[in-house]
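What follows is one structure encoded as structure tokens, with my remarks underneath.
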There are 2 protein chains.
Amino acid sequence: MPFELTILGSSSATPTYNRHPTAQVLNIRERFFLIDCGEGTQTQLVRYKLKYNRISHVFISHLHGDHYLGLMGLLSTMHLQGRTNELHLFAQQELMDIIELQLRLSQTILRYNLIFHPVKNYTGTLIHEDEDVTVWTIVLNHRVPCTGFLFREKPKPRKLLISKMQQFNIPFKHFAGIKNGSDYEDDFGKVIKNKDLTISSGLPRSYAFCSDTLFNEQLADEVKNVDLLYHEATFMHDLVDRAKATFHSTCIEAATIAKNATVGKLIIGHFSARYKNLSPLLSEAKTVFENTELALEGNKFIVAEKQETI
Amino acid sequence: MPFELTILGSSSATPTYNRHPTAQVLNIRERFFLIDCGEGTQTQLVRYKLKYNRISHVFISHLHGDHYLGLMGLLSTMHLQGRTNELHLFAQQELMDIIELQLRLSQTILRYNLIFHPVKNYTGTLIHEDEDVTVWTIVLNHRVPCTGFLFREKPKPRKLLISKMQQFNIPFKHFAGIKNGSDYEDDFGKVIKNKDLTISSGLPRSYAFCSDTLFNEQLADEVKNVDLLYHEATFMHDLVDRAKATFHSTCIEAATIAKNATVGKLIIGHFSARYKNLSPLLSEAKTVFENTELALEGNKFIVAEKQETI
């Protein structure tokens with residue numbers, strides 16, 4: 001089952017060199033989460049063949065335009081294309097003021113149900129849960145209230161070893177319990193351990209999205225051991241003072257978080273318009289954390305199924 | 001001196017087939033007017049090498065997203081790029097509510113002076129005048145308040161015939177008056193007609209932008225004899241009922257306005273997403289008004305200097 005991140009945009013506020021502002025789509029087991037929605041996101045979705053109507057949840061990190069100005073157009077296009085399935089939107093309360101004002105002035109009543117979930121600025125708050133996924137907030141430190149998002153796959157039921165079900169003649173009614181980790185006790189009181197009856201379906205995978213933020217060492221605790229970490233890296237480290245002044249991070253700082261959190265892979269993005277060639281940014285981050293990649297538009301980052309080590 | 005229209009977008013509300021929503025730049029004698037500003041206008045400006053900072057005036061026809069959702073990003077980018085020269089914005093009052101809310105929530109104070117001119121829905125109101133150009137509103141009939149804009153070049157001073165200045169020994173102090181059309185009377189009371197001393201610098205040129213509107217025959221009077229007319233043509237005429245229901249026009253209707261107004265050239269645009277191939281729309285319009293062209297992105301429409309016929 002997929003766990004796949006597609007980058008739709010990676011520029012900071014000024015779009016340049018054909019880089020679009022921040023937007024990403026995370027597909028966890030065929031649930032599609034849109035994360036930030038800079039201007040032009042709807043055309044980027046078309047470009048990368050991601051269907052609008054598969055998106056069920058939208059998460060907006062903060063109310064700087066390069067992270068949300070594409071949302072109104074996307075909501076409107078979903079409406080015009082006849083969407084009927086509900087859409088969940090997670091953002092700060094005030095985004096709903098912006099949306100409602102614009103809907104009112106354009107005299108639009110959306111055909112679908114837009115369910116708004118106001119996000120407050122608390123660490124580690126569970127804001128979404130379904131049968132496959134939980135989503136938690138991550139507090140960031142930017143010029144305006146800003147939230148990251150941590151997506152965690154839920155543990156999946158273990159796979160039954162059919163040969164063992166037959167060998168021990170286990171009745172069907174016990175299968176669900178065994179899938180969920182129970183041992184089996186037969187009619188004579190003999191216990192067979194779950195690990196002898198099943199194999200893992202894969203360990204839960206995780207993705208942390210850390211949007212615009214000042215470097216904050218404690219962040220590593222919040223994103224500890226995630227498989228995939230996106231952390232903004234607006235500047236190279238020679239401009240660390242500029243990063244501090246604008247509440248942004250450098251490549252070295254992003255990589256330091258990745259290293260301290262022992263993540264699987266780091267993706268850096270939100271590149272300043274001053275950088276045409278991004279190779280030096282990647283090289284700089286790799287000096288601290290080798291498994292780093294650039295958030296280039298159209299790139300897909302796939303987290304493979306992970307098996308338990310025995 | 002240029003009188004040149006560049007098309008940046010020509011789709012209706014749903015962006016498709018790489019067509020962007022409405023936006024145009026009109027260059028009149030090196031004054032740059034941005035007309036409507038759909039999502040992605042800032043990247044379209046870059047694509048067609050039109051510098052943000054040369055734009056001095058922005059005109060927004062109405063508050064449907066495909067005509068203004070690119071404005072907030074453009075205003076923000078101008079700010080981030082250090083613009084200091086003032087920007088004039090002409091639109092319905094409520095657009096300023098949208099802008100101010102978003103500026104407040106992003107804690108942005110623009111570095112340049114954004115001068116807002118609320119546009120009301122009256123016919124033929126002069127809303128802008130400078131030494132070269134006047135701009136007038138045109139009432140349109142859409143689902144929400146909607147205004148077109150009529151740009152008229154002012155008459156230019158006539159050019160002096162230097163040989164005649166010498167022949168009649170005309171003192172320099174009279175030159176300004178003669179340029180502005182005065183005859184010359186010499187010391188003996190002999191009058192020399194202006195037309196024998198000057199030639200025309202070209203007749204004033206004009207452009208009418210008729211954004212989303214239901215067909216309205218009276219519109220032809222408002223745009224009588226303009227050199228260039230943009231009129232929306234969302235549908236082909238077999239969908240005239242759909243056009244009526246959505247307060248839009250067909251190709252036949254746009255061309256009928258052009259014919260009745262005896263304009264120089266008609267440009268049709270705002271094409272429905274249902275049309276991938278636009279040739280049939282052009283052919284249909286041409287059955288009524290031959291000198292029609294499509295508003296294709298990147299196309300420039302140049303109105304040449306026009307001399308008086310003698």
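Starting from 1 in every chain, residues are counted up; chains themselves are A, B, ... following the order of the structure tokens, and ligands are numbered from 1 as listed.
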Find the residues near segment 85-98 of chain B: any atom within 10 Å, counting only C-alpha atoms, skip ones fewer than 6 places away on the same chain, and give them as a PDB file with C-alpha atoms, in the first residue's frame.
```pdb
ATOM      1  CA  ASP A  97     -12.844  34.228   7.331  1.00  0.00           C
ATOM      2  CA  ILE A  98     -10.879  34.748   4.115  1.00  0.00           C
ATOM      3  CA  ILE A  99     -12.719  31.939   2.348  1.00  0.00           C
ATOM      4  CA  LEU A 101     -15.654  36.581   2.504  1.00  0.00           C
ATOM      5  CA  GLN A 102     -14.622  35.549  -0.997  1.00  0.00           C
ATOM      6  CA  LEU A 105     -18.665  38.302  -2.667  1.00  0.00           C
TER       7      LEU A 105
ATOM      8  CA  PHE B  33      -2.163  48.806 -17.318  1.00  0.00           C
ATOM      9  CA  LEU B  34      -2.957  45.358 -15.921  1.00  0.00           C
ATOM     10  CA  ILE B  35      -6.537  44.337 -16.685  1.00  0.00           C
ATOM     11  CA  ASP B  36      -7.925  41.537 -14.512  1.00  0.00           C
ATOM     12  CA  ASN B  53       7.278  47.275 -11.538  1.00  0.00           C
ATOM     13  CA  ARG B  54       6.305  48.881 -14.815  1.00  0.00           C
ATOM     14  CA  ILE B  55       2.659  48.233 -14.001  1.00  0.00           C
ATOM     15  CA  SER B  56       1.220  51.429 -12.567  1.00  0.00           C
ATOM     16  CA  HIS B  57      -2.529  50.741 -12.700  1.00  0.00           C
ATOM     17  CA  VAL B  58      -4.588  47.595 -12.141  1.00  0.00           C
ATOM     18  CA  PHE B  59      -8.228  47.272 -13.212  1.00  0.00           C
ATOM     19  CA  ILE B  60     -10.376  44.401 -11.904  1.00  0.00           C
ATOM     20  CA  SER B  61     -13.696  43.777 -13.646  1.00  0.00           C
ATOM     21  CA  HIS B  62     -15.477  41.741 -10.960  1.00  0.00           C
ATOM     22  CA  LEU B  63     -15.045  39.500  -7.945  1.00  0.00           C
ATOM     23  CA  TYR B  68      -8.752  38.478  -9.385  1.00  0.00           C
ATOM     24  CA  LEU B  71      -3.789  39.844  -7.336  1.00  0.00           C
ATOM     25  CA  MET B  72      -2.891  39.087  -3.715  1.00  0.00           C
ATOM     26  CA  LEU B  75       0.846  42.620  -4.583  1.00  0.00           C
ATOM     27  CA  MET B  78       5.872  43.550  -5.559  1.00  0.00           C
ATOM     28  CA  ARG B 111       6.322  48.993   1.245  1.00  0.00           C
ATOM     29  CA  TYR B 112       4.615  50.905  -1.548  1.00  0.00           C
ATOM     30  CA  ASN B 113       1.502  53.002  -1.600  1.00  0.00           C
ATOM     31  CA  LEU B 114      -1.502  51.041  -2.856  1.00  0.00           C
ATOM     32  CA  ILE B 115      -4.050  53.645  -3.903  1.00  0.00           C
ATOM     33  CA  PHE B 116      -7.507  52.195  -4.148  1.00  0.00           C
ATOM     34  CA  HIS B 117     -10.155  53.691  -6.430  1.00  0.00           C
ATOM     35  CA  PRO B 118     -13.557  52.137  -5.806  1.00  0.00           C
ATOM     36  CA  VAL B 119     -15.425  51.533  -9.043  1.00  0.00           C
ATOM     37  CA  LYS B 120     -19.166  51.838  -9.115  1.00  0.00           C
ATOM     38  CA  ASN B 121     -21.350  50.357 -11.694  1.00  0.00           C
ATOM     39  CA  ILE B 127     -12.240  56.806 -13.589  1.00  0.00           C
ATOM     40  CA  HIS B 128      -8.698  57.679 -14.659  1.00  0.00           C
ATOM     41  CA  PRO B 145     -21.475  43.479 -10.285  1.00  0.00           C
ATOM     42  CA  CYS B 146     -19.134  43.616 -13.271  1.00  0.00           C
ATOM     43  CA  THR B 147     -17.481  46.459 -15.118  1.00  0.00           C
TER      44      THR B 147
END
```
If you run DSSP on the backbone here, which positions in segment 246-280 of chain A get strand (DSSP E)? Please write them as a ChimeraX atom specification.
/A:265-269
Which of segment 38-262 of chain A counts as alpha helix (DSSP H) under DSSP, as a PyMOL selection string please?
chain A and resi 41-47+71-80+93-105+162-167+175-179+219-222+240-245+251-260
Which residues of chain A have any atom within 6 Å of an atom in chain B when counting only C-alpha atoms, and what is the closest pair of atoms for each, with the distance in Å to one decimal? Order the rows by chain and rising number and write it as CSV.
```
residue,atom,partner,partner_atom,distance
A:Thr14,CA,B:Thr77,CA,5.7
A:Gly40,CA,B:Gly40,CA,5.8
A:Leu63,CA,B:Ser106,CA,5.6
A:His64,CA,B:Ser106,CA,5.2
A:Thr77,CA,B:Thr14,CA,5.7
A:Ser106,CA,B:His64,CA,5.2
```
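Within 12 Å of Phe289 of chain B, once only C-alpha atoms are used and residues closer than 3 positions along the same chain are dropped, the contacting residues are B:Leu229, B:Cys251, B:Ile252, B:Glu253, B:Ala254, B:Ala255, B:Thr256, B:Ile257, B:Ala258, B:Lys259, B:Asn260, B:Ala261, B:Thr262, B:Val263, B:Gly264, B:Lys265, B:Leu266, B:Ile267, B:Ile268, B:Leu282, B:Ser283, B:Glu284, B:Ala285, B:Lys286, B:Thr292, B:Glu293.
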